[in-house]
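protein.cif (mmCIF, C-alpha atoms) appears below.
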```cif
data_coords
loop_
_atom_site.label_atom_id
_atom_site.label_comp_id
_atom_site.auth_asym_id
_atom_site.auth_seq_id
_atom_site.Cartn_x
_atom_site.Cartn_y
_atom_site.Cartn_z
CA MET V 1 -30.91 45.89 -13.39
CA GLY V 2 -32.13 48.03 -10.51
CA ARG V 3 -35.05 47.51 -8.17
CA VAL V 4 -38.21 46.44 -10.01
CA LEU V 5 -41.82 46.80 -8.86
CA TYR V 6 -44.48 44.73 -10.55
CA THR V 7 -47.50 46.99 -10.32
CA PHE V 8 -50.98 47.64 -11.65
CA PHE V 9 -52.11 51.25 -11.49
CA ARG V 10 -55.47 50.52 -9.86
CA SER V 11 -54.28 47.88 -7.39
CA SER V 12 -54.42 49.45 -3.94
CA THR V 13 -51.66 47.19 -2.64
CA SER V 14 -49.40 48.31 -5.53
CA TYR V 15 -50.37 51.89 -4.66
CA ARG V 16 -49.12 51.26 -1.08
CA LEU V 17 -45.73 50.17 -2.38
CA ARG V 18 -45.46 53.09 -4.78
CA ILE V 19 -46.08 55.46 -1.86
CA ALA V 20 -43.57 53.70 0.42
CA LEU V 21 -40.86 53.73 -2.25
CA ALA V 22 -41.51 57.42 -2.95
CA LEU V 23 -41.40 58.34 0.76
CA LYS V 24 -38.08 56.52 1.08
CA GLY V 25 -36.76 58.23 -2.04
CA LEU V 26 -35.90 54.87 -3.60
CA ASP V 27 -35.56 54.39 -7.35
CA TRP V 28 -37.53 51.62 -8.99
CA GLU V 29 -38.40 50.46 -12.47
CA PRO V 30 -42.03 49.60 -13.14
CA ARG V 31 -43.19 46.39 -14.77
CA TYR V 32 -46.86 46.66 -15.54
CA VAL V 33 -49.11 43.70 -14.78
CA SER V 34 -52.64 44.11 -16.07
CA LEU V 35 -55.18 42.48 -13.77
CA PRO V 36 -58.06 42.77 -16.30
CA GLY V 37 -55.65 41.22 -18.84
CA MET V 38 -54.96 38.37 -16.37
CA GLN V 39 -51.23 39.02 -16.69
CA HIS V 40 -50.85 38.21 -12.97
CA ARG V 41 -51.63 34.60 -13.86
CA ALA V 42 -49.35 34.40 -16.92
CA VAL V 43 -46.70 31.67 -16.75
CA ASP V 44 -43.78 34.10 -16.61
CA TYR V 45 -45.27 36.14 -13.80
CA MET V 46 -46.32 33.06 -11.81
CA ALA V 47 -42.72 31.81 -12.04
CA LEU V 48 -41.60 35.09 -10.49
CA ASN V 49 -44.40 35.42 -7.91
CA PRO V 50 -46.26 32.11 -7.57
CA GLN V 51 -48.89 33.83 -5.42
CA GLY V 52 -50.20 35.29 -8.67
CA LEU V 53 -50.97 38.68 -7.17
CA VAL V 54 -49.53 42.18 -7.42
CA PRO V 55 -47.41 43.88 -6.25
CA ALA V 56 -44.11 42.02 -6.29
CA LEU V 57 -40.75 43.61 -5.61
CA VAL V 58 -37.49 42.33 -7.03
CA GLU V 59 -34.30 43.68 -5.52
CA GLU V 60 -31.06 44.18 -7.43
CA ASP V 61 -29.71 40.81 -6.28
CA GLY V 62 -32.78 39.03 -7.63
CA SER V 63 -34.55 38.53 -4.28
CA VAL V 64 -38.32 38.42 -4.75
CA PHE V 65 -40.77 39.85 -2.23
CA ALA V 66 -44.55 39.54 -2.05
CA GLN V 67 -47.34 40.74 0.28
CA SER V 68 -47.44 44.51 0.55
CA LEU V 69 -47.37 44.83 4.35
CA ALA V 70 -44.32 42.53 4.58
CA MET V 71 -42.64 44.47 1.76
CA MET V 72 -43.16 47.80 3.53
CA GLU V 73 -41.66 46.40 6.74
CA TYR V 74 -38.69 45.18 4.67
CA LEU V 75 -38.17 48.57 3.06
CA ASP V 76 -38.40 50.22 6.47
CA GLU V 77 -35.84 47.86 7.99
CA THR V 78 -33.37 48.21 5.12
CA HIS V 79 -33.90 51.94 4.48
CA PRO V 80 -34.83 53.35 7.90
CA ASP V 81 -34.96 57.03 6.93
CA PRO V 82 -37.64 58.35 7.00
CA PRO V 83 -39.19 55.73 9.27
CA LEU V 84 -42.60 54.26 8.45
CA LEU V 85 -43.04 52.95 11.99
CA PRO V 86 -42.39 54.63 15.35
CA ARG V 87 -39.73 53.29 17.75
CA ASP V 88 -41.93 52.57 20.76
CA ALA V 89 -43.36 49.03 20.81
CA LYS V 90 -46.87 50.05 21.83
CA ALA V 91 -47.00 52.74 19.17
CA ARG V 92 -45.74 50.23 16.60
CA ALA V 93 -48.52 47.82 17.60
CA TYR V 94 -51.03 50.65 17.18
CA VAL V 95 -49.80 51.54 13.69
CA ARG V 96 -49.67 47.91 12.58
CA MET V 97 -53.16 47.38 13.99
CA LEU V 98 -54.52 50.21 11.84
CA CYS V 99 -52.71 48.85 8.78
CA GLN V 100 -54.23 45.43 9.42
CA VAL V 101 -57.78 46.73 9.83
CA ILE V 102 -57.36 47.85 6.22
CA GLY V 103 -55.00 45.12 5.00
CA CYS V 104 -56.81 42.18 6.62
CA ASP V 105 -60.38 43.26 7.34
CA ILE V 106 -61.27 45.42 4.32
CA HIS V 107 -59.05 44.97 1.29
CA PRO V 108 -58.96 41.14 1.01
CA LEU V 109 -62.75 41.01 0.97
CA ASN V 110 -63.00 43.61 -1.77
CA ASN V 111 -60.19 42.42 -3.99
CA VAL V 112 -61.04 42.06 -7.68
CA ARG V 113 -60.64 38.27 -7.51
CA VAL V 114 -63.31 38.11 -4.81
CA LEU V 115 -65.77 40.31 -6.70
CA LYS V 116 -65.18 38.17 -9.79
CA TYR V 117 -65.86 35.00 -7.81
CA LEU V 118 -69.13 36.36 -6.41
CA ARG V 119 -70.36 37.39 -9.83
CA GLY V 120 -69.06 34.34 -11.65
CA ARG V 121 -69.92 31.52 -9.26
CA TRP V 122 -73.29 32.70 -8.01
CA SER V 123 -74.36 34.92 -10.90
CA LEU V 124 -74.63 37.90 -8.59
CA SER V 125 -75.22 41.24 -10.28
CA GLU V 126 -72.85 44.19 -10.26
CA ALA V 127 -75.29 45.86 -7.85
CA ASP V 128 -74.92 42.87 -5.52
CA SER V 129 -71.12 42.91 -5.63
CA ASN V 130 -71.17 46.67 -5.09
CA GLU V 131 -73.36 46.14 -2.03
CA TRP V 132 -70.86 43.56 -0.75
CA TYR V 133 -68.03 46.02 -1.39
CA ALA V 134 -69.80 48.84 0.44
CA HIS V 135 -70.68 46.56 3.37
CA TRP V 136 -67.07 45.69 4.13
CA VAL V 137 -65.87 49.25 3.57
CA ALA V 138 -68.51 50.50 6.00
CA GLU V 139 -67.71 47.86 8.64
CA GLY V 140 -63.94 48.22 8.25
CA MET V 141 -63.94 52.00 8.25
CA ARG V 142 -66.23 51.97 11.30
CA SER V 143 -63.68 49.76 13.01
CA LEU V 144 -60.80 52.01 11.95
CA GLU V 145 -62.52 55.24 12.99
CA ALA V 146 -63.54 53.78 16.36
CA SER V 147 -59.99 52.54 16.98
CA LEU V 148 -58.55 55.98 16.21
CA VAL V 149 -61.00 57.57 18.64
CA GLN V 150 -60.53 54.96 21.37
CA GLN V 151 -56.75 54.98 21.32
CA GLY V 152 -56.59 58.79 21.29
CA ARG V 153 -53.20 58.94 19.60
CA HIS V 154 -54.20 60.79 16.44
CA GLY V 155 -53.14 64.29 15.42
CA THR V 156 -52.27 65.48 11.95
CA TRP V 157 -51.76 61.78 11.22
CA CYS V 158 -53.03 58.55 12.77
CA LEU V 159 -50.07 58.63 15.18
CA GLY V 160 -49.87 62.25 16.23
CA GLU V 161 -47.43 64.16 14.05
CA GLN V 162 -45.64 61.10 12.68
CA LEU V 163 -46.54 59.90 9.20
CA THR V 164 -46.49 56.09 9.15
CA MET V 165 -47.58 53.00 7.27
CA ALA V 166 -51.09 53.70 8.51
CA GLU V 167 -51.50 56.58 6.05
CA ILE V 168 -49.90 54.46 3.32
CA CYS V 169 -52.69 51.93 3.79
CA LEU V 170 -55.42 54.51 4.38
CA VAL V 171 -55.01 56.66 1.27
CA PRO V 172 -55.43 53.84 -1.29
CA GLN V 173 -58.36 52.41 0.69
CA ILE V 174 -60.16 55.76 0.66
CA ALA V 175 -59.45 56.20 -3.05
CA ASN V 176 -60.93 52.77 -3.78
CA ALA V 177 -63.97 53.37 -1.60
CA ARG V 178 -64.67 56.61 -3.45
CA ARG V 179 -64.25 54.91 -6.81
CA PHE V 180 -67.01 52.52 -5.78
CA GLY V 181 -69.18 55.38 -4.55
CA CYS V 182 -69.11 54.36 -0.88
CA ASP V 183 -70.49 56.79 1.68
CA LEU V 184 -67.61 57.83 3.96
CA SER V 185 -69.43 60.57 5.86
CA ALA V 186 -69.47 58.54 9.10
CA PHE V 187 -65.66 58.44 9.26
CA PRO V 188 -64.58 62.10 9.33
CA LEU V 189 -61.38 61.58 11.28
CA SER V 190 -60.04 58.83 9.03
CA VAL V 191 -61.02 60.68 5.86
CA ALA V 192 -59.47 63.97 7.03
CA ILE V 193 -56.18 62.23 7.80
CA GLY V 194 -56.22 60.37 4.50
CA ASP V 195 -57.05 63.48 2.51
CA ARG V 196 -54.20 65.40 4.16
CA ALA V 197 -51.75 62.60 3.39
CA ALA V 198 -52.92 62.37 -0.21
CA GLU V 199 -51.63 65.92 -0.76
CA LEU V 200 -48.03 65.00 0.07
CA PRO V 201 -45.70 64.73 -2.95
CA ALA V 202 -44.89 61.03 -2.38
CA PHE V 203 -48.58 60.17 -2.28
CA LYS V 204 -49.30 62.27 -5.36
CA ALA V 205 -46.49 60.59 -7.30
CA ALA V 206 -47.98 57.19 -6.47
CA HIS V 207 -51.54 58.04 -7.51
CA PRO V 208 -53.11 55.52 -9.91
CA SER V 209 -54.17 58.17 -12.42
CA ILE V 210 -50.63 59.23 -13.28
CA GLN V 211 -49.10 55.78 -13.67
CA ALA V 212 -48.01 54.89 -17.20
CA ASP V 213 -50.40 51.91 -17.30
CA ALA V 214 -53.44 53.97 -16.26
CA SER V 215 -56.35 53.59 -18.61
CA MET J 1 -54.74 42.33 37.23
CA GLY J 2 -52.31 40.55 34.96
CA ARG J 3 -52.28 40.20 31.21
CA VAL J 4 -55.70 39.33 29.82
CA LEU J 5 -56.50 37.68 26.49
CA TYR J 6 -60.01 37.92 25.15
CA THR J 7 -60.36 34.67 23.26
CA PHE J 8 -62.80 32.26 21.67
CA PHE J 9 -61.66 28.66 21.52
CA ARG J 10 -62.46 28.16 17.85
CA SER J 11 -61.23 31.53 16.57
CA SER J 12 -58.05 30.85 14.62
CA THR J 13 -56.70 34.33 15.34
CA SER J 14 -57.21 33.73 19.08
CA TYR J 15 -55.45 30.38 18.60
CA ARG J 16 -52.46 32.27 17.11
CA LEU J 17 -52.20 34.43 20.21
CA ARG J 18 -52.53 31.49 22.58
CA ILE J 19 -49.63 29.79 20.77
CA ALA J 20 -47.47 32.94 20.79
CA LEU J 21 -48.05 33.53 24.51
CA ALA J 22 -47.26 29.89 25.27
CA LEU J 23 -44.05 29.95 23.19
CA LYS J 24 -42.94 33.07 25.06
CA GLY J 25 -43.82 31.49 28.38
CA LEU J 26 -46.04 34.44 29.30
CA ASP J 27 -48.85 34.19 31.81
CA TRP J 28 -52.31 35.35 30.83
CA GLU J 29 -55.84 35.23 32.11
CA PRO J 30 -58.54 34.20 29.68
CA ARG J 31 -61.74 36.12 29.13
CA TYR J 32 -64.06 34.08 26.96
CA VAL J 33 -65.94 35.82 24.18
CA SER J 34 -68.48 33.60 22.46
CA LEU J 35 -68.79 34.41 18.77
CA PRO J 36 -71.98 32.33 18.31
CA GLY J 37 -73.32 34.18 21.37
CA MET J 38 -72.42 37.50 19.67
CA GLN J 39 -70.50 38.52 22.79
CA HIS J 40 -67.92 40.22 20.53
CA ARG J 41 -70.58 42.80 19.73
CA ALA J 42 -71.77 43.32 23.31
CA VAL J 43 -71.54 46.91 24.57
CA ASP J 44 -68.88 46.16 27.17
CA TYR J 45 -66.64 44.33 24.73
CA MET J 46 -67.07 46.96 22.02
CA ALA J 47 -65.98 49.59 24.56
CA LEU J 48 -62.80 47.58 25.11
CA ASN J 49 -62.17 46.62 21.47
CA PRO J 50 -64.33 48.74 19.17
CA GLN J 51 -63.31 46.56 16.24
CA GLY J 52 -65.72 43.99 17.64
CA LEU J 53 -63.47 41.03 16.86
CA VAL J 54 -61.37 38.59 18.86
CA PRO J 55 -58.69 38.31 20.05
CA ALA J 56 -57.88 41.38 22.11
CA LEU J 57 -54.98 41.63 24.51
CA VAL J 58 -54.96 43.88 27.56
CA GLU J 59 -51.63 44.46 29.25
CA GLU J 60 -51.20 45.04 32.96
CA ASP J 61 -51.14 48.81 32.51
CA GLY J 62 -54.50 48.70 30.70
CA SER J 63 -53.12 49.09 27.15
CA VAL J 64 -55.43 47.42 24.64
CA PHE J 65 -54.16 45.62 21.53
CA ALA J 66 -56.07 44.27 18.56
CA GLN J 67 -55.22 42.49 15.28
CA SER J 68 -53.40 39.23 15.85
CA LEU J 69 -50.41 39.82 13.56
CA ALA J 70 -49.72 43.21 15.16
CA MET J 71 -50.10 41.67 18.61
CA MET J 72 -47.57 38.93 17.84
CA GLU J 73 -45.06 41.52 16.61
CA TYR J 74 -45.64 43.44 19.84
CA LEU J 75 -45.07 40.38 22.00
CA ASP J 76 -41.93 39.60 20.01
CA GLU J 77 -40.56 43.12 20.43
CA THR J 78 -41.28 43.27 24.15
CA HIS J 79 -40.36 39.66 25.00
CA PRO J 80 -37.68 38.77 22.43
CA ASP J 81 -36.82 35.32 23.76
CA PRO J 82 -37.51 32.98 22.04
CA PRO J 83 -37.80 35.07 18.84
CA LEU J 84 -40.78 34.65 16.53
CA LEU J 85 -38.97 36.36 13.67
CA PRO J 86 -35.41 35.91 12.39
CA ARG J 87 -32.88 38.77 12.53
CA ASP J 88 -32.08 39.08 8.82
CA ALA J 89 -34.34 41.55 6.97
CA LYS J 90 -34.91 39.31 3.94
CA ALA J 91 -35.74 36.34 6.13
CA ARG J 92 -38.12 38.52 8.15
CA ALA J 93 -39.85 39.60 4.93
CA TYR J 94 -40.17 35.93 3.95
CA VAL J 95 -41.76 34.95 7.28
CA ARG J 96 -44.10 37.93 7.29
CA MET J 97 -45.07 37.13 3.69
CA LEU J 98 -46.09 33.59 4.69
CA CYS J 99 -48.05 34.92 7.66
CA GLN J 100 -49.86 37.34 5.39
CA VAL J 101 -50.76 34.73 2.79
CA ILE J 102 -52.74 33.15 5.64
CA GLY J 103 -53.64 36.31 7.56
CA CYS J 104 -54.69 38.40 4.55
CA ASP J 105 -55.46 36.03 1.69
CA ILE J 106 -57.18 33.10 3.41
CA HIS J 107 -58.51 33.82 6.88
CA PRO J 108 -60.36 37.12 6.29
CA LEU J 109 -62.37 35.54 3.48
CA ASN J 110 -63.36 32.56 5.60
CA ASN J 111 -64.11 34.36 8.83
CA VAL J 112 -67.44 33.49 10.46
CA ARG J 113 -68.79 37.00 9.83
CA VAL J 114 -68.23 36.54 6.10
CA LEU J 115 -69.88 33.13 5.96
CA LYS J 116 -72.82 34.57 7.90
CA TYR J 117 -73.11 37.45 5.45
CA LEU J 118 -73.11 35.11 2.44
CA ARG J 119 -75.80 32.91 3.92
CA GLY J 120 -77.85 35.75 5.39
CA ARG J 121 -77.79 38.34 2.62
CA TRP J 122 -78.04 36.10 -0.41
CA SER J 123 -79.72 33.05 1.12
CA LEU J 124 -76.83 30.85 0.09
CA SER J 125 -76.87 27.32 1.45
CA GLU J 126 -74.36 25.83 3.84
CA ALA J 127 -73.04 23.82 0.87
CA ASP J 128 -72.47 27.09 -1.00
CA SER J 129 -70.63 28.72 1.89
CA ASN J 130 -68.57 25.55 2.34
CA GLU J 131 -67.64 25.72 -1.34
CA TRP J 132 -66.58 29.35 -0.87
CA TYR J 133 -64.54 28.32 2.17
CA ALA J 134 -62.82 25.49 0.32
CA HIS J 135 -62.12 27.71 -2.69
CA TRP J 136 -60.11 30.26 -0.71
CA VAL J 137 -58.34 27.57 1.31
CA ALA J 138 -57.32 25.85 -1.92
CA GLU J 139 -56.14 29.06 -3.58
CA GLY J 140 -54.37 30.35 -0.46
CA MET J 141 -52.69 27.05 0.37
CA ARG J 142 -51.61 26.72 -3.27
CA SER J 143 -50.04 30.16 -2.96
CA LEU J 144 -48.36 29.27 0.34
CA GLU J 145 -47.03 25.92 -0.87
CA ALA J 146 -45.70 27.48 -4.10
CA SER J 147 -44.01 30.27 -2.13
CA LEU J 148 -42.32 27.74 0.18
CA VAL J 149 -41.04 25.81 -2.84
CA GLN J 150 -39.94 28.88 -4.80
CA GLN J 151 -38.09 30.54 -1.95
CA GLY J 152 -36.31 27.31 -1.01
CA ARG J 153 -35.79 28.29 2.62
CA HIS J 154 -37.81 25.56 4.30
CA GLY J 155 -36.46 22.76 6.49
CA THR J 156 -38.08 21.37 9.61
CA TRP J 157 -40.00 24.65 9.64
CA CYS J 158 -40.93 27.22 7.01
CA LEU J 159 -37.62 28.99 7.69
CA GLY J 160 -35.12 26.17 7.94
CA GLU J 161 -34.65 25.12 11.56
CA GLN J 162 -36.13 28.28 13.08
CA LEU J 163 -39.69 28.16 14.38
CA THR J 164 -41.41 31.48 13.61
CA MET J 165 -44.73 33.26 13.33
CA ALA J 166 -45.27 31.37 10.09
CA GLU J 167 -46.01 28.14 11.99
CA ILE J 168 -48.17 30.10 14.44
CA CYS J 169 -50.36 31.15 11.52
CA LEU J 170 -50.14 27.84 9.70
CA VAL J 171 -51.28 25.46 12.44
CA PRO J 172 -54.64 27.15 13.15
CA GLN J 173 -55.29 27.53 9.41
CA ILE J 174 -54.73 23.82 8.81
CA ALA J 175 -56.92 22.94 11.79
CA ASN J 176 -59.72 25.10 10.42
CA ALA J 177 -59.39 23.70 6.91
CA ARG J 178 -59.67 20.18 8.26
CA ARG J 179 -62.69 21.10 10.36
CA PHE J 180 -64.39 22.17 7.13
CA GLY J 181 -63.28 18.99 5.36
CA CYS J 182 -61.00 20.72 2.86
CA ASP J 183 -58.71 18.55 0.74
CA LEU J 184 -55.11 19.46 1.65
CA SER J 185 -53.40 16.67 -0.30
CA ALA J 186 -51.93 19.11 -2.84
CA PHE J 187 -49.95 20.94 -0.13
CA PRO J 188 -47.72 18.25 1.41
CA LEU J 189 -44.89 20.56 2.43
CA SER J 190 -47.12 23.04 4.26
CA VAL J 191 -49.13 20.31 5.95
CA ALA J 192 -46.02 18.40 7.07
CA ILE J 193 -44.56 21.55 8.64
CA GLY J 194 -47.86 22.41 10.29
CA ASP J 195 -48.35 18.91 11.64
CA ARG J 196 -44.84 18.87 13.11
CA ALA J 197 -45.42 22.23 14.80
CA ALA J 198 -48.78 21.10 16.18
CA GLU J 199 -46.94 18.48 18.26
CA LEU J 200 -44.92 21.06 20.19
CA PRO J 201 -46.12 21.68 23.77
CA ALA J 202 -46.94 25.37 23.20
CA PHE J 203 -49.10 24.51 20.23
CA LYS J 204 -50.83 21.69 22.09
CA ALA J 205 -51.58 23.96 25.05
CA ALA J 206 -53.23 26.44 22.68
CA HIS J 207 -55.42 23.88 20.88
CA PRO J 208 -59.10 24.85 20.70
CA SER J 209 -60.32 21.52 22.08
CA ILE J 210 -58.69 21.99 25.49
CA GLN J 211 -59.74 25.59 26.13
CA ALA J 212 -62.20 26.06 28.98
CA ASP J 213 -64.79 27.59 26.63
CA ALA J 214 -64.66 24.66 24.16
CA SER J 215 -68.04 23.19 23.41
#
```
Before we go any further, please render this structure as structure tokens.
Amino acid sequence: MGRVLYTFFRSSTSYRLRIALALKGLDWEPRYVSLPGMQHRAVDYMALNPQGLVPALVEEDGSVFAQSLAMMEYLDETHPDPPLLPRDAKARAYVRMLCQVIGCDIHPLNNVRVLKYLRGRWSLSEADSNEWYAHWVAEGMRSLEASLVQQGRHGTWCLGEQLTMAEICLVPQIANARRFGCDLSAFPLSVAIGDRAAELPAFKAAHPSIQADAS
Amino acid sequence: MGRVLYTFFRSSTSYRLRIALALKGLDWEPRYVSLPGMQHRAVDYMALNPQGLVPALVEEDGSVFAQSLAMMEYLDETHPDPPLLPRDAKARAYVRMLCQVIGCDIHPLNNVRVLKYLRGRWSLSEADSNEWYAHWVAEGMRSLEASLVQQGRHGTWCLGEQLTMAEICLVPQIANARRFGCDLSAFPLSVAIGDRAAELPAFKAAHPSIQADAS
């Protein structure tokens, strides 16, 4: 058995891994985990990844990896070409910071499990949970855009001419925000970088709409 | 001017940085940013860290760093002794995974800004926001405890006998959970590791209660 990625087409953290694997030119076999079908909480999957979230990566030797940012760092350390992080420590901190604005300050708040909790526990409407979603996208993207401007390191990509993990986090976040109808007009720099990256073959191959489990 | 850390005593992400700096034996000057006082959104602070969150680190050359996990990686890369991550790629992925269970799946949901939003936007009671807090602590700590058990790498610390970033994330999270009265009895392994780490001098020096801005 080769490398296996447990993925759900619409999961933006799975999307990150699909992009990273494609950029590295690594083969992987998909195992589809339906979040609406609650397959991420099935006994078999919980035995594999007790966090009960996607994605999970299983290497050929059976090692199991969870948490998308940690998994991307692992892939970058074990398959360094092309690099997903720069070599300079300050530049690495900058790229990781951008990834974490998305991976810590936006995505966890807008995860499906959170929206379900809001609607289920407090009987909030879909309009309410959409407002919540848009609030954290707006605040997080404001933070991201302002950080890009302040640090002054951007060019074609967030870090000058070097494509990094920052674009891998940015493209799925923008796709999700658009799916929820969020207004992104206040973040032209971030959106332009994301839209450029989305045109690259590795990003196209990872797009939710062309995954075999897309519905 | 030396190294400056913008910190708030009760912020668990500031607490992480205070521990990391103490473990590395690095000097720093505190600048206190009161979250209840909304000083993190003051014009001067936003000019320094446009994300409008604590902590922020400013190095002697004026470089500004944000996002606590990225900042700890930076400190580890620039001051490698003692290391906060192991050398082996799989072990690094394991430690980062544990950090991200806390840093992505628990803390961002229970941040003060989120609790304020819940109470402010939807007029939820303090009991409601405490229930929300306890829910994500319970789910995140379940995930962490199950990952420790499944991966079978724990010893005195999360990674055998090597103290890492995982304890730096764990100790503030446990302190916060206790402050909110969360039941942690279902997570004996995590709590035992965290409580051992909390006794180390670097962790004690970073404790919220002894910071000059503690109130």
- prompt: Counting only C-alpha atoms, which residues come within 7 Å of (-67.6, 49.1, 17.6), with the point read in the file's coordinates, and could you list them as a PyMOL selection string?
  reply: (chain V and resi 143+146) or (chain J and resi 46+50-52)
- prompt: Using all atoms listed in the file, can you list as a ChimeraX atom specification the residues within 9 Å of (-48.5, 27.6, 18.5)?
  reply: /J:15-23,165,167-172,197-198,200-207
message: Set the distance at 10 Å and use only C-alpha atoms: which residues neighbour segment 184-186 of chain V once local chain neighbours fewer than 2 positions away are removed? I'd like the list as a PyMOL selection string.
response: chain V and resi 134+137-138+141-142+145+174+177-178+181-182+188-191
Counting only C-alpha atoms, what are the residues of chain J within 8 Å of chain V, and for each of them which pair of atoms is the nearest and at what distance in Å, to one decimal? Sort the table by chain and rising number, as JSON lines.
```
{"residue": "J:Asn49", "atom": "CA", "partner": "V:Ser147", "partner_atom": "CA", "distance": 7.7}
{"residue": "J:Pro50", "atom": "CA", "partner": "V:Ala146", "partner_atom": "CA", "distance": 5.8}
{"residue": "J:Gln51", "atom": "CA", "partner": "V:Ser143", "partner_atom": "CA", "distance": 4.6}
{"residue": "J:Gly52", "atom": "CA", "partner": "V:Ser143", "partner_atom": "CA", "distance": 7.7}
{"residue": "J:Phe65", "atom": "CA", "partner": "V:Ala93", "partner_atom": "CA", "distance": 7.2}
{"residue": "J:Ala66", "atom": "CA", "partner": "V:Met97", "partner_atom": "CA", "distance": 6.2}
{"residue": "J:Gln67", "atom": "CA", "partner": "V:Met97", "partner_atom": "CA", "distance": 5.5}
{"residue": "J:Leu69", "atom": "CA", "partner": "V:Gln100", "partner_atom": "CA", "distance": 8.0}
{"residue": "J:Ala70", "atom": "CA", "partner": "V:Ala93", "partner_atom": "CA", "distance": 5.4}
{"residue": "J:Met71", "atom": "CA", "partner": "V:Ala93", "partner_atom": "CA", "distance": 6.4}
{"residue": "J:Glu73", "atom": "CA", "partner": "V:Ala93", "partner_atom": "CA", "distance": 7.3}
{"residue": "J:Tyr74", "atom": "CA", "partner": "V:Ala93", "partner_atom": "CA", "distance": 5.7}
{"residue": "J:Glu77", "atom": "CA", "partner": "V:Ala89", "partner_atom": "CA", "distance": 6.6}
{"residue": "J:Thr78", "atom": "CA", "partner": "V:Ala89", "partner_atom": "CA", "distance": 7.0}
{"residue": "J:Ala89", "atom": "CA", "partner": "V:Tyr74", "partner_atom": "CA", "distance": 6.1}
{"residue": "J:Lys90", "atom": "CA", "partner": "V:Tyr74", "partner_atom": "CA", "distance": 7.0}
{"residue": "J:Arg92", "atom": "CA", "partner": "V:Tyr74", "partner_atom": "CA", "distance": 7.5}
{"residue": "J:Ala93", "atom": "CA", "partner": "V:Ala70", "partner_atom": "CA", "distance": 5.4}
{"residue": "J:Tyr94", "atom": "CA", "partner": "V:Phe65", "partner_atom": "CA", "distance": 7.3}
{"residue": "J:Arg96", "atom": "CA", "partner": "V:Ala70", "partner_atom": "CA", "distance": 5.3}
{"residue": "J:Met97", "atom": "CA", "partner": "V:Gln67", "partner_atom": "CA", "distance": 5.5}
{"residue": "J:Gln100", "atom": "CA", "partner": "V:Gln67", "partner_atom": "CA", "distance": 6.6}
{"residue": "J:Val101", "atom": "CA", "partner": "V:Gln67", "partner_atom": "CA", "distance": 7.4}
{"residue": "J:Gly103", "atom": "CA", "partner": "V:Cys104", "partner_atom": "CA", "distance": 6.7}
{"residue": "J:Cys104", "atom": "CA", "partner": "V:Cys104", "partner_atom": "CA", "distance": 4.8}
{"residue": "J:Asp105", "atom": "CA", "partner": "V:Pro108", "partner_atom": "CA", "distance": 6.2}
{"residue": "J:Pro108", "atom": "CA", "partner": "V:Cys104", "partner_atom": "CA", "distance": 6.2}
{"residue": "J:Leu109", "atom": "CA", "partner": "V:Leu109", "partner_atom": "CA", "distance": 6.0}
{"residue": "J:Arg142", "atom": "CA", "partner": "V:Gln51", "partner_atom": "CA", "distance": 7.9}
{"residue": "J:Ser143", "atom": "CA", "partner": "V:Gln51", "partner_atom": "CA", "distance": 4.6}
{"residue": "J:Leu144", "atom": "CA", "partner": "V:Gln51", "partner_atom": "CA", "distance": 7.4}
{"residue": "J:Ala146", "atom": "CA", "partner": "V:Pro50", "partner_atom": "CA", "distance": 5.8}
{"residue": "J:Ser147", "atom": "CA", "partner": "V:Pro50", "partner_atom": "CA", "distance": 6.2}
{"residue": "J:Gln150", "atom": "CA", "partner": "V:Pro50", "partner_atom": "CA", "distance": 7.6}
```
Restricting the output to C-alpha atoms, write the selected residues as an mmCIF file, in the frame of the given file.
```cif
data_model
loop_
_atom_site.group_PDB
_atom_site.id
_atom_site.type_symbol
_atom_site.label_atom_id
_atom_site.label_comp_id
_atom_site.auth_asym_id
_atom_site.auth_seq_id
_atom_site.Cartn_x
_atom_site.Cartn_y
_atom_site.Cartn_z
ATOM 1 C CA ASN J 49 -62.170 46.620 21.470
ATOM 2 C CA PRO J 50 -64.330 48.740 19.170
ATOM 3 C CA GLN J 51 -63.310 46.560 16.240
ATOM 4 C CA GLY J 52 -65.720 43.990 17.640
ATOM 5 C CA PHE J 65 -54.160 45.620 21.530
ATOM 6 C CA ALA J 66 -56.070 44.270 18.560
ATOM 7 C CA GLN J 67 -55.220 42.490 15.280
ATOM 8 C CA LEU J 69 -50.410 39.820 13.560
ATOM 9 C CA ALA J 70 -49.720 43.210 15.160
ATOM 10 C CA MET J 71 -50.100 41.670 18.610
ATOM 11 C CA GLU J 73 -45.060 41.520 16.610
ATOM 12 C CA TYR J 74 -45.640 43.440 19.840
ATOM 13 C CA GLU J 77 -40.560 43.120 20.430
ATOM 14 C CA THR J 78 -41.280 43.270 24.150
ATOM 15 C CA ALA J 89 -34.340 41.550 6.970
ATOM 16 C CA LYS J 90 -34.910 39.310 3.940
ATOM 17 C CA ARG J 92 -38.120 38.520 8.150
ATOM 18 C CA ALA J 93 -39.850 39.600 4.930
ATOM 19 C CA TYR J 94 -40.170 35.930 3.950
ATOM 20 C CA ARG J 96 -44.100 37.930 7.290
ATOM 21 C CA MET J 97 -45.070 37.130 3.690
ATOM 22 C CA GLN J 100 -49.860 37.340 5.390
ATOM 23 C CA VAL J 101 -50.760 34.730 2.790
ATOM 24 C CA GLY J 103 -53.640 36.310 7.560
ATOM 25 C CA CYS J 104 -54.690 38.400 4.550
ATOM 26 C CA ASP J 105 -55.460 36.030 1.690
ATOM 27 C CA PRO J 108 -60.360 37.120 6.290
ATOM 28 C CA LEU J 109 -62.370 35.540 3.480
ATOM 29 C CA ARG J 142 -51.610 26.720 -3.270
ATOM 30 C CA SER J 143 -50.040 30.160 -2.960
ATOM 31 C CA LEU J 144 -48.360 29.270 0.340
ATOM 32 C CA ALA J 146 -45.700 27.480 -4.100
ATOM 33 C CA SER J 147 -44.010 30.270 -2.130
ATOM 34 C CA GLN J 150 -39.940 28.880 -4.800
#
```
